[in-house]
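Q: Please find structure.cif (mmCIF, C-alpha atoms and all ligand atoms) on the next line:
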data_model
loop_
_atom_site.label_atom_id
_atom_site.label_comp_id
_atom_site.auth_asym_id
_atom_site.auth_seq_id
_atom_site.Cartn_x
_atom_site.Cartn_y
_atom_site.Cartn_z
CA MET A 1 16.55 -1.93 -11.14
CA LYS A 2 14.27 -4.79 -12.08
CA VAL A 3 10.55 -4.09 -12.42
CA ILE A 4 7.60 -6.10 -13.70
CA THR A 5 5.46 -4.17 -16.15
CA ASN A 6 2.02 -4.69 -17.69
CA ARG A 7 2.04 -2.47 -20.77
CA LYS A 8 -1.25 -3.94 -21.99
CA TYR A 9 -4.28 -5.63 -20.46
CA GLY A 10 -4.53 -9.39 -20.75
CA PRO A 11 -3.52 -12.77 -19.32
CA PRO A 12 -0.61 -13.24 -16.86
CA GLU A 13 1.82 -13.42 -19.82
CA VAL A 14 1.49 -9.64 -20.39
CA LEU A 15 3.71 -9.23 -17.30
CA LYS A 16 7.31 -8.57 -18.42
CA LEU A 17 10.62 -8.08 -16.64
CA GLU A 18 12.26 -4.72 -17.50
CA GLU A 19 15.28 -2.69 -16.34
CA TRP A 20 14.46 0.83 -15.11
CA GLU A 21 16.45 3.63 -13.47
CA ILE A 22 16.33 3.58 -9.65
CA PRO A 23 14.01 6.45 -8.56
CA ILE A 24 15.55 9.33 -6.56
CA PRO A 25 13.56 10.47 -3.49
CA LYS A 26 12.16 14.02 -3.41
CA GLU A 27 12.71 16.07 -0.25
CA ASN A 28 9.61 14.61 1.51
CA GLN A 29 10.10 11.02 0.26
CA ILE A 30 11.89 7.89 1.36
CA GLN A 31 13.51 5.49 -1.06
CA ILE A 32 12.71 1.88 -0.19
CA ARG A 33 14.47 -1.24 -1.45
CA ILE A 34 11.65 -3.77 -1.59
CA ILE A 35 12.41 -7.19 -0.14
CA ASN A 36 8.92 -8.65 -0.61
CA THR A 37 5.78 -7.61 -2.42
CA ALA A 38 2.45 -9.46 -2.46
CA VAL A 39 0.24 -10.61 -5.31
CA ASN A 40 -3.34 -9.80 -4.37
CA THR A 41 -6.72 -10.23 -5.99
CA GLY A 42 -6.73 -6.55 -6.89
CA ASP A 43 -3.56 -7.01 -8.97
CA TRP A 44 -4.90 -9.61 -11.37
CA ARG A 45 -8.27 -7.85 -11.56
CA ILE A 46 -6.53 -4.69 -12.85
CA ARG A 47 -4.17 -6.67 -15.14
CA LYS A 48 -6.98 -8.53 -16.90
CA PRO A 49 -9.12 -6.32 -16.37
CA ASP A 50 -12.04 -7.81 -14.40
CA PRO A 51 -14.50 -6.14 -14.23
CA LYS A 52 -13.98 -4.34 -17.57
CA VAL A 53 -15.01 -1.03 -16.00
CA VAL A 54 -11.53 -1.03 -14.40
CA ARG A 55 -10.39 0.57 -17.69
CA LEU A 56 -12.27 3.78 -16.84
CA TYR A 57 -9.89 4.46 -13.97
CA PHE A 58 -6.69 2.63 -14.96
CA GLY A 59 -6.64 3.49 -18.69
CA ILE A 60 -9.19 2.94 -21.45
CA LEU A 61 -6.98 1.37 -24.15
CA LYS A 62 -3.94 0.39 -22.09
CA PRO A 63 -2.83 0.74 -18.45
CA LYS A 64 -1.74 4.29 -17.48
CA ASN A 65 0.50 3.03 -14.67
CA VAL A 66 2.48 0.07 -15.94
CA ILE A 67 3.71 -1.37 -12.64
CA LEU A 68 1.25 -3.29 -10.47
CA GLY A 69 1.69 -4.24 -6.80
CA ALA A 70 0.13 -2.49 -3.82
CA CYS A 71 1.73 -4.05 -0.75
CA TYR A 72 5.39 -4.25 0.14
CA ALA A 73 8.01 -4.52 2.86
CA GLY A 74 11.62 -3.44 2.57
CA ILE A 75 14.49 -1.30 3.82
CA VAL A 76 14.90 2.48 3.65
CA GLU A 77 17.97 3.17 1.48
CA ALA A 78 17.77 6.99 1.22
CA VAL A 79 15.68 9.82 2.66
CA GLY A 80 14.77 13.27 1.34
CA LYS A 81 16.08 16.26 3.33
CA LYS A 82 12.70 17.11 4.89
CA VAL A 83 11.99 13.56 6.12
CA THR A 84 11.91 13.27 9.91
CA SER A 85 10.19 10.00 10.80
CA PHE A 86 12.34 7.51 8.87
CA LYS A 87 16.08 6.99 8.54
CA VAL A 88 18.35 4.93 6.32
CA GLY A 89 18.29 1.29 7.42
CA ASP A 90 14.73 1.31 8.83
CA ARG A 91 12.69 -1.81 8.08
CA VAL A 92 9.32 -0.65 6.72
CA LEU A 93 6.04 -1.97 5.32
CA GLY A 94 3.24 -0.26 3.49
CA SER A 95 0.48 -0.26 0.94
CA ARG A 96 0.24 2.00 -2.10
CA GLY A 97 -3.41 1.08 -2.70
CA ILE A 98 -4.58 1.75 -6.24
CA LYS A 99 -1.48 3.88 -6.91
CA MET A 100 0.33 0.51 -7.21
CA GLY A 101 4.01 0.29 -8.31
CA ALA A 102 5.42 -2.24 -5.82
CA TYR A 103 6.52 -4.87 -8.38
CA ALA A 104 9.88 -3.07 -8.40
CA GLU A 105 13.21 -3.32 -6.62
CA TYR A 106 12.95 0.31 -5.48
CA ILE A 107 10.11 2.74 -4.86
CA CYS A 108 9.95 6.27 -3.48
CA GLU A 109 7.15 6.89 -1.03
CA GLU A 110 5.90 10.07 0.64
CA GLU A 111 6.82 10.12 4.32
CA ASN A 112 3.14 10.53 5.26
CA ALA A 113 1.85 7.77 2.95
CA LEU A 114 0.53 4.44 4.27
CA VAL A 115 4.00 3.33 5.35
CA THR A 116 5.32 2.48 8.80
CA LYS A 117 8.13 0.65 10.58
CA LEU A 118 8.22 -3.14 10.38
CA PRO A 119 8.90 -4.57 13.85
CA ASN A 120 11.68 -7.15 14.29
CA THR A 121 8.99 -9.65 15.32
CA MET A 122 7.77 -9.75 11.70
CA SER A 123 9.48 -11.02 8.57
CA PHE A 124 9.50 -8.94 5.38
CA ALA A 125 7.19 -11.53 3.81
CA GLU A 126 4.68 -11.06 6.63
CA GLY A 127 5.05 -7.31 6.29
CA ALA A 128 4.17 -7.48 2.59
CA ALA A 129 1.25 -9.84 3.19
CA ILE A 130 -0.47 -8.23 6.18
CA SER A 131 -2.09 -5.20 4.55
CA PHE A 132 -4.44 -6.44 1.81
CA GLY A 133 -6.61 -8.93 3.70
CA GLY A 134 -5.90 -7.45 7.11
CA LEU A 135 -6.91 -3.85 6.37
CA THR A 136 -9.98 -5.02 4.45
CA ALA A 137 -11.19 -7.37 7.18
CA LEU A 138 -10.53 -4.83 9.94
CA ASP A 139 -12.35 -2.00 8.16
CA PHE A 140 -15.48 -4.11 7.60
CA ILE A 141 -15.41 -5.76 11.05
CA LYS A 142 -15.22 -2.35 12.75
CA ARG A 143 -18.35 -1.28 10.82
CA CYS A 144 -20.22 -4.28 12.34
CA ASN A 145 -19.32 -3.30 15.91
CA ILE A 146 -18.94 -6.94 16.99
CA GLN A 147 -19.76 -7.52 20.66
CA ASN A 148 -18.38 -10.17 22.99
CA GLY A 149 -20.26 -13.47 22.53
CA GLN A 150 -21.88 -12.61 19.17
CA SER A 151 -21.92 -15.24 16.45
CA VAL A 152 -20.04 -14.50 13.24
CA VAL A 153 -19.93 -16.63 10.09
CA ILE A 154 -17.10 -16.14 7.63
CA TYR A 155 -17.79 -17.42 4.12
CA GLY A 156 -14.68 -18.05 2.00
CA ALA A 157 -12.69 -18.27 5.23
CA SER A 158 -9.42 -19.44 3.65
CA SER A 159 -9.07 -16.32 1.48
CA SER A 160 -6.74 -13.46 2.30
CA VAL A 161 -9.64 -11.44 3.72
CA GLY A 162 -11.24 -14.50 5.36
CA SER A 163 -8.08 -15.69 7.12
CA SER A 164 -7.77 -12.19 8.64
CA ALA A 165 -11.48 -11.90 9.45
CA ILE A 166 -11.47 -15.14 11.47
CA GLN A 167 -8.72 -13.86 13.72
CA LEU A 168 -10.15 -10.35 14.11
CA ALA A 169 -13.67 -11.62 14.89
CA LYS A 170 -12.15 -13.92 17.54
CA HIS A 171 -10.13 -11.01 18.90
CA PHE A 172 -13.34 -8.98 19.34
CA GLY A 173 -14.90 -11.86 21.31
CA ALA A 174 -17.10 -13.54 18.70
CA HIS A 175 -17.95 -17.20 18.30
CA VAL A 176 -16.66 -17.85 14.79
CA THR A 177 -17.99 -20.27 12.19
CA ALA A 178 -15.77 -20.67 9.14
CA VAL A 179 -17.13 -21.83 5.79
CA SER A 180 -14.45 -23.22 3.48
CA SER A 181 -13.67 -26.35 1.50
CA GLN A 182 -12.94 -29.38 3.70
CA GLY A 183 -9.26 -29.32 2.73
CA ASN A 184 -8.94 -25.96 4.51
CA PHE A 185 -10.64 -26.94 7.78
CA ASP A 186 -7.30 -27.42 9.59
CA LEU A 187 -6.12 -24.03 8.42
CA VAL A 188 -9.23 -22.13 9.50
CA LYS A 189 -9.28 -23.93 12.86
CA SER A 190 -5.61 -23.04 13.39
CA LEU A 191 -6.59 -19.39 12.89
CA GLY A 192 -9.24 -19.66 15.61
CA ALA A 193 -12.50 -20.84 14.01
CA ASP A 194 -14.77 -22.53 16.55
CA GLU A 195 -16.83 -24.40 13.96
CA THR A 196 -16.43 -25.32 10.32
CA TYR A 197 -18.77 -26.07 7.42
CA ASP A 198 -18.07 -26.86 3.81
CA TYR A 199 -19.99 -24.73 1.31
CA GLU A 200 -22.75 -27.23 0.53
CA SER A 201 -23.54 -28.26 4.11
CA PHE A 202 -23.53 -24.62 5.19
CA ILE A 203 -26.11 -23.66 2.58
CA ALA A 204 -28.26 -26.60 3.71
CA SER A 205 -27.95 -25.59 7.38
CA HIS A 206 -30.46 -23.37 9.15
CA HIS A 207 -28.28 -21.59 11.69
CA GLN A 208 -28.53 -17.83 11.91
CA TYR A 209 -25.74 -15.48 12.94
CA ASP A 210 -25.34 -11.93 14.24
CA VAL A 211 -22.80 -11.11 11.52
CA PHE A 212 -22.31 -12.73 8.09
CA ILE A 213 -19.05 -11.87 6.34
CA GLU A 214 -19.07 -12.97 2.69
CA CYS A 215 -15.39 -12.64 1.77
CA VAL A 216 -15.20 -13.90 -1.80
CA GLY A 217 -18.34 -12.80 -3.68
CA LYS A 218 -19.24 -16.40 -4.47
CA SER A 219 -22.66 -16.74 -2.84
CA GLU A 220 -26.11 -15.20 -3.26
CA ILE A 221 -27.53 -12.42 -1.08
CA PRO A 222 -30.83 -14.29 -0.34
CA MET A 223 -28.80 -17.23 1.04
CA ASN A 224 -26.72 -14.80 3.12
CA LEU A 225 -29.87 -13.19 4.53
CA ASP A 226 -31.41 -16.59 5.34
CA HIS A 227 -28.45 -17.14 7.67
CA LEU A 228 -28.65 -13.73 9.32
CA LYS A 229 -30.51 -12.95 12.55
CA LYS A 230 -33.00 -10.06 12.49
CA GLY A 231 -31.02 -6.84 12.91
CA GLY A 232 -27.74 -8.60 12.05
CA HIS A 233 -24.95 -7.25 9.84
CA LEU A 234 -24.16 -8.57 6.36
CA VAL A 235 -20.74 -7.76 4.88
CA LEU A 236 -20.23 -8.27 1.13
CA VAL A 237 -16.47 -7.89 0.70
CA GLY A 238 -16.21 -9.09 -2.89
CA ALA A 239 -19.59 -7.98 -4.23
CA ASN A 240 -19.88 -7.36 -7.98
CA PHE A 241 -21.83 -4.38 -9.36
CA GLY A 242 -25.13 -6.29 -9.52
CA GLN A 243 -24.78 -7.40 -5.91
CA MET A 244 -23.81 -3.88 -4.82
CA TRP A 245 -26.96 -2.49 -6.45
CA ASP A 246 -29.13 -5.14 -4.74
CA ALA A 247 -27.35 -4.44 -1.44
CA PHE A 248 -27.89 -0.69 -1.88
CA CYS A 249 -31.63 -1.22 -2.43
CA LEU A 250 -31.91 -3.51 0.61
CA LYS A 251 -30.04 -0.98 2.71
CA VAL A 252 -32.15 1.99 1.62
CA PHE A 253 -35.62 0.44 1.30
CA LYS A 254 -35.52 -2.37 3.87
CA LYS A 255 -33.12 -0.65 6.27
CA LEU A 256 -30.88 -3.74 6.49
CA ASN A 257 -27.36 -3.45 7.91
CA ILE A 258 -25.38 -4.26 4.76
CA HIS A 259 -21.78 -3.19 4.23
CA PHE A 260 -20.08 -3.22 0.82
CA GLY A 261 -17.86 -1.16 -1.48
CA PRO A 262 -14.21 -0.15 -1.30
CA ILE A 263 -12.53 0.01 2.08
CA GLU A 264 -10.45 2.87 3.42
CA GLU A 265 -6.84 1.80 3.99
CA ARG A 266 -5.85 3.49 7.25
CA LEU A 267 -2.49 3.82 8.96
CA ASP A 268 -4.06 3.47 12.42
CA HIS A 269 -5.59 0.17 11.27
CA LEU A 270 -2.19 -1.03 10.04
CA HIS A 271 -0.68 -0.13 13.42
CA TYR A 272 -3.51 -2.02 15.12
CA LEU A 273 -2.82 -5.16 13.07
CA ILE A 274 0.90 -4.92 13.83
CA SER A 275 0.13 -4.59 17.55
CA LEU A 276 -1.95 -7.81 17.37
CA VAL A 277 0.97 -9.60 15.69
CA ASN A 278 3.23 -8.39 18.50
CA LEU A 279 0.73 -9.65 21.09
CA GLY A 280 0.73 -13.04 19.38
CA THR A 281 -3.01 -12.87 18.62
CA TYR A 282 -2.73 -12.39 14.85
CA LYS A 283 -0.86 -14.50 12.31
CA VAL A 284 -0.19 -13.55 8.71
CA ASN A 285 -0.93 -16.65 6.69
CA ILE A 286 1.46 -17.08 3.78
CA ASP A 287 0.56 -19.75 1.25
CA ARG A 288 3.31 -19.55 -1.40
CA LYS A 289 6.33 -17.49 -2.41
CA PHE A 290 7.51 -16.82 -5.97
CA PRO A 291 10.64 -15.11 -7.31
CA LEU A 292 10.13 -11.73 -9.02
CA GLU A 293 11.18 -13.30 -12.33
CA ASP A 294 8.25 -15.73 -12.04
CA MET A 295 5.51 -13.14 -11.55
CA VAL A 296 3.54 -14.78 -14.37
CA SER A 297 3.18 -18.00 -12.31
CA ALA A 298 2.31 -16.00 -9.20
CA HIS A 299 -0.52 -14.26 -11.08
CA ARG A 300 -1.75 -17.53 -12.57
CA TYR A 301 -1.87 -19.08 -9.11
CA VAL A 302 -3.69 -16.18 -7.46
CA GLU A 303 -6.15 -15.73 -10.33
CA ALA A 304 -7.10 -19.44 -10.11
CA GLY A 305 -8.88 -18.42 -6.88
CA HIS A 306 -7.72 -21.13 -4.47
CA LYS A 307 -4.86 -19.57 -2.57
CA LYS A 308 -4.92 -19.93 1.19
CA GLY A 309 -4.30 -16.54 2.73
CA ASN A 310 -1.58 -14.65 0.92
CA VAL A 311 1.01 -15.01 -1.84
CA VAL A 312 4.28 -13.11 -1.65
CA VAL A 313 7.10 -12.43 -4.10
CA ASP A 314 10.83 -12.21 -3.36
CA VAL A 315 12.06 -8.98 -4.94
CA THR A 316 15.57 -8.27 -3.54
CA LYS A 317 17.69 -10.14 -0.99
CA GLU A 318 17.43 -9.19 2.67
CA LYS A 319 21.18 -8.63 3.14
N1 LIG A 401 -14.24 -4.17 -0.77
C1 LIG A 401 -12.94 -4.00 -0.82
O1 LIG A 401 -12.40 -2.91 -0.63
C2 LIG A 401 -12.07 -5.20 -1.10
C3 LIG A 401 -10.76 -5.22 -0.65
C4 LIG A 401 -10.00 -6.36 -0.86
C5 LIG A 401 -10.56 -7.44 -1.55
N2 LIG A 401 -11.82 -7.35 -2.03
C6 LIG A 401 -12.43 -8.48 -2.75
O2 LIG A 401 -12.57 -9.52 -1.81
C7 LIG A 401 -12.55 -10.75 -2.49
C8 LIG A 401 -11.63 -11.70 -1.77
O3 LIG A 401 -10.27 -11.33 -1.98
P1 LIG A 401 -9.13 -12.27 -1.42
O4 LIG A 401 -7.86 -11.77 -1.97
O5 LIG A 401 -9.26 -12.40 0.03
O6 LIG A 401 -9.51 -13.65 -2.15
P2 LIG A 401 -8.56 -14.89 -2.36
O7 LIG A 401 -7.60 -14.99 -1.25
O8 LIG A 401 -8.03 -14.90 -3.75
O9 LIG A 401 -9.65 -16.07 -2.27
C9 LIG A 401 -9.22 -17.37 -2.43
C10 LIG A 401 -10.09 -18.27 -1.59
O10 LIG A 401 -11.42 -18.27 -2.12
C11 LIG A 401 -11.98 -19.54 -1.84
N3 LIG A 401 -13.00 -19.91 -2.83
C12 LIG A 401 -12.81 -20.21 -4.12
N4 LIG A 401 -13.99 -20.53 -4.70
C13 LIG A 401 -14.94 -20.41 -3.74
C14 LIG A 401 -16.34 -20.60 -3.71
N5 LIG A 401 -17.02 -20.97 -4.80
N6 LIG A 401 -17.00 -20.35 -2.57
C15 LIG A 401 -16.33 -19.97 -1.46
N7 LIG A 401 -14.98 -19.78 -1.42
C16 LIG A 401 -14.30 -20.01 -2.55
C17 LIG A 401 -10.83 -20.51 -1.97
O11 LIG A 401 -11.04 -21.57 -1.09
P3 LIG A 401 -11.13 -23.07 -1.68
O12 LIG A 401 -9.93 -23.27 -2.53
O13 LIG A 401 -11.15 -23.93 -0.49
O14 LIG A 401 -12.40 -23.12 -2.46
C18 LIG A 401 -9.58 -19.69 -1.61
O15 LIG A 401 -9.02 -19.99 -0.35
C19 LIG A 401 -12.18 -10.46 -3.94
O16 LIG A 401 -13.35 -10.46 -4.73
C20 LIG A 401 -11.61 -9.06 -3.86
O17 LIG A 401 -11.75 -8.37 -5.07
C21 LIG A 401 -12.60 -6.26 -1.82
#
Here is the file; what I need is its structure written in the form of structure tokens.
Ligand SMILES: NC(=O)c1ccc[n+]([C@@H]2O[C@H](COP(=O)([O-])OP(=O)(O)OC[C@H]3O[C@@H](n4cnc5c(N)ncnc54)[C@H](OP(=O)(O)O)[C@@H]3O)[C@@H](O)[C@H]2O)c1
A:
Amino acid sequence: MKVITNRKYGPPEVLKLEEWEIPIPKENQIQIRIINTAVNTGDWRIRKPDPKVVRLYFGILKPKNVILGACYAGIVEAVGKKVTSFKVGDRVLGSRGIKMGAYAEYICEEENALVTKLPNTMSFAEGAAISFGGLTALDFIKRCNIQNGQSVVIYGASSSVGSSAIQLAKHFGAHVTAVSSQGNFDLVKSLGADETYDYESFIASHHQYDVFIECVGKSEIPMNLDHLKKGGHLVLVGANFGQMWDAFCLKVFKKLNIHFGPIEERLDHLHYLISLVNLGTYKVNIDRKFPLEDMVSAHRYVEAGHKKGNVVVDVTKEK
């Protein structure tokens, strides 16, 4: 099978196409032929690595696991003898989180991992793209306990996390203001934003909101707090270590409602997102598709930081 490896840290060009043996499922595993995977921010951050501290977990001198890729959708091709909830031919989607390994034509996944059936209402590309931004936005939005009629501002609204957060905040009854570049106003409005600002005019504005969701780690905490009502919730999805320390201090010493740090990827949250797709209230925004052989270009594009929603990769053919 074809896989894309990163045997060393570095620029997108470290990604190489290799031929590997197809993995055989153990008795509690399913073997999945991947139709689509996604290239997410987490992937290039580990490849580079950025931040450098990534090496502590993923390998000091070189990557321990040499296949990136968290999110995927595909078809079950074989099942271990103890597997009861999946059968050959099932369409499935899932996320391997930091275990990675989805830049491959085949993977074996534990039956009780973060994997579930892909409904016929969704394409494989949507299945691969839904988890990263969707699970992140849902986890943080649930922590804010958004009430009907509250005001929510989403900064970096055209990102993978932002494009999901707009739709989820709307779903929970909020009035949503999206902050993005002007070129993305149509996109964020199509996802449900009630109002739009570009970055500069937002910073100059004096509106305050019940919830501020900073999706991309590109603004300063004092500016975020200036736009937050007393008692409001600030979410720092893409905070760096310095911002996390500042946020921790504000949380502990000033008792502010600030949410940051890694999310928990949950199967019930994935089911919830899928149910919203089925209801027609949630759309998976796909910006571009690349072939597996052109993973280098996919990484270059995502790392440039201007994708709109999600980028997916064609791995094997559907039929
Ligand atoms: N806490 C967690 O567990 C967790 C989970 C997932 C992701 N994250 C983090 O969340 C962040 C967002 O990830 P993502 O994949 O959603 O990002 P992404 O899709 O790669 O973000 C791209 C978007 O960022 C916008 N952008 C670029 N420069 C900007 C600026 N200066 N100000 C505001 N927006 C700007 C771009 O819009 P324009 O082109 O219009 O500028 C583009 O649409 C990353 O830092 C990621 O590491 C954290």
Q: Quick one: what's the axis-aligned box for ligand LIG 401 (chain A), all listed atoms, 8 Å on every side, centre and edges in Å to one decimal, as JSON?
A:
{"center_x": -12.3, "center_y": -13.4, "center_z": -2.5, "size_x": 25.4, "size_y": 37.0, "size_z": 21.1}
Q: Using all atoms listed in the file, which residues sit within 12 Å of Val237 (chain A) once same-chain residues fewer than 5 positions away are excluded, as a PyMOL selection string?
A: chain A and resi 133+135-141+154-157+159-162+165+212-219+243-244+247+258-263
Q: A:His299, A:His271, A:Lys254, A:Lys289: which is nearest Ile46 (chain A), counting all atoms listed in the file?
A: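 When distances to Ile46 (chain A) are compared using all atoms listed in the file, the smallest one comes from A:His299.
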Q: Report, in Å to a single decimal, how far apart CA of Asn40 (chain A) and atom C20 of ligand LIG 401 (chain A) are.
A: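 About the pair atom C20 of ligand LIG 401 (chain A) and CA of Asn40 (chain A): they are 8.3 Å apart.
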Q: Could you please give me, as a short mmCIF file (atom, residue, chain, number, x, y, z; two decimals) with C-alpha atoms, keeping the file's coordinate frame, the residues of protein, DNA or RNA lying at most 12 Å from (7.1, -14.5, -8.7) in the coordinate frame of the file, considering only C-alpha atoms?
A:
data_model
loop_
_atom_site.label_atom_id
_atom_site.label_comp_id
_atom_site.auth_asym_id
_atom_site.auth_seq_id
_atom_site.Cartn_x
_atom_site.Cartn_y
_atom_site.Cartn_z
CA VAL A 3 10.55 -4.09 -12.42
CA ILE A 4 7.60 -6.10 -13.70
CA PRO A 12 -0.61 -13.24 -16.86
CA LEU A 15 3.71 -9.23 -17.30
CA LYS A 16 7.31 -8.57 -18.42
CA LEU A 17 10.62 -8.08 -16.64
CA ASN A 36 8.92 -8.65 -0.61
CA THR A 37 5.78 -7.61 -2.42
CA ALA A 38 2.45 -9.46 -2.46
CA VAL A 39 0.24 -10.61 -5.31
CA GLY A 69 1.69 -4.24 -6.80
CA TYR A 103 6.52 -4.87 -8.38
CA ALA A 104 9.88 -3.07 -8.40
CA ARG A 288 3.31 -19.55 -1.40
CA LYS A 289 6.33 -17.49 -2.41
CA PHE A 290 7.51 -16.82 -5.97
CA PRO A 291 10.64 -15.11 -7.31
CA LEU A 292 10.13 -11.73 -9.02
CA GLU A 293 11.18 -13.30 -12.33
CA ASP A 294 8.25 -15.73 -12.04
CA MET A 295 5.51 -13.14 -11.55
CA VAL A 296 3.54 -14.78 -14.37
CA SER A 297 3.18 -18.00 -12.31
CA ALA A 298 2.31 -16.00 -9.20
CA HIS A 299 -0.52 -14.26 -11.08
CA ARG A 300 -1.75 -17.53 -12.57
CA TYR A 301 -1.87 -19.08 -9.11
CA VAL A 302 -3.69 -16.18 -7.46
CA VAL A 311 1.01 -15.01 -1.84
CA VAL A 312 4.28 -13.11 -1.65
CA VAL A 313 7.10 -12.43 -4.10
CA ASP A 314 10.83 -12.21 -3.36
CA VAL A 315 12.06 -8.98 -4.94
CA THR A 316 15.57 -8.27 -3.54
#
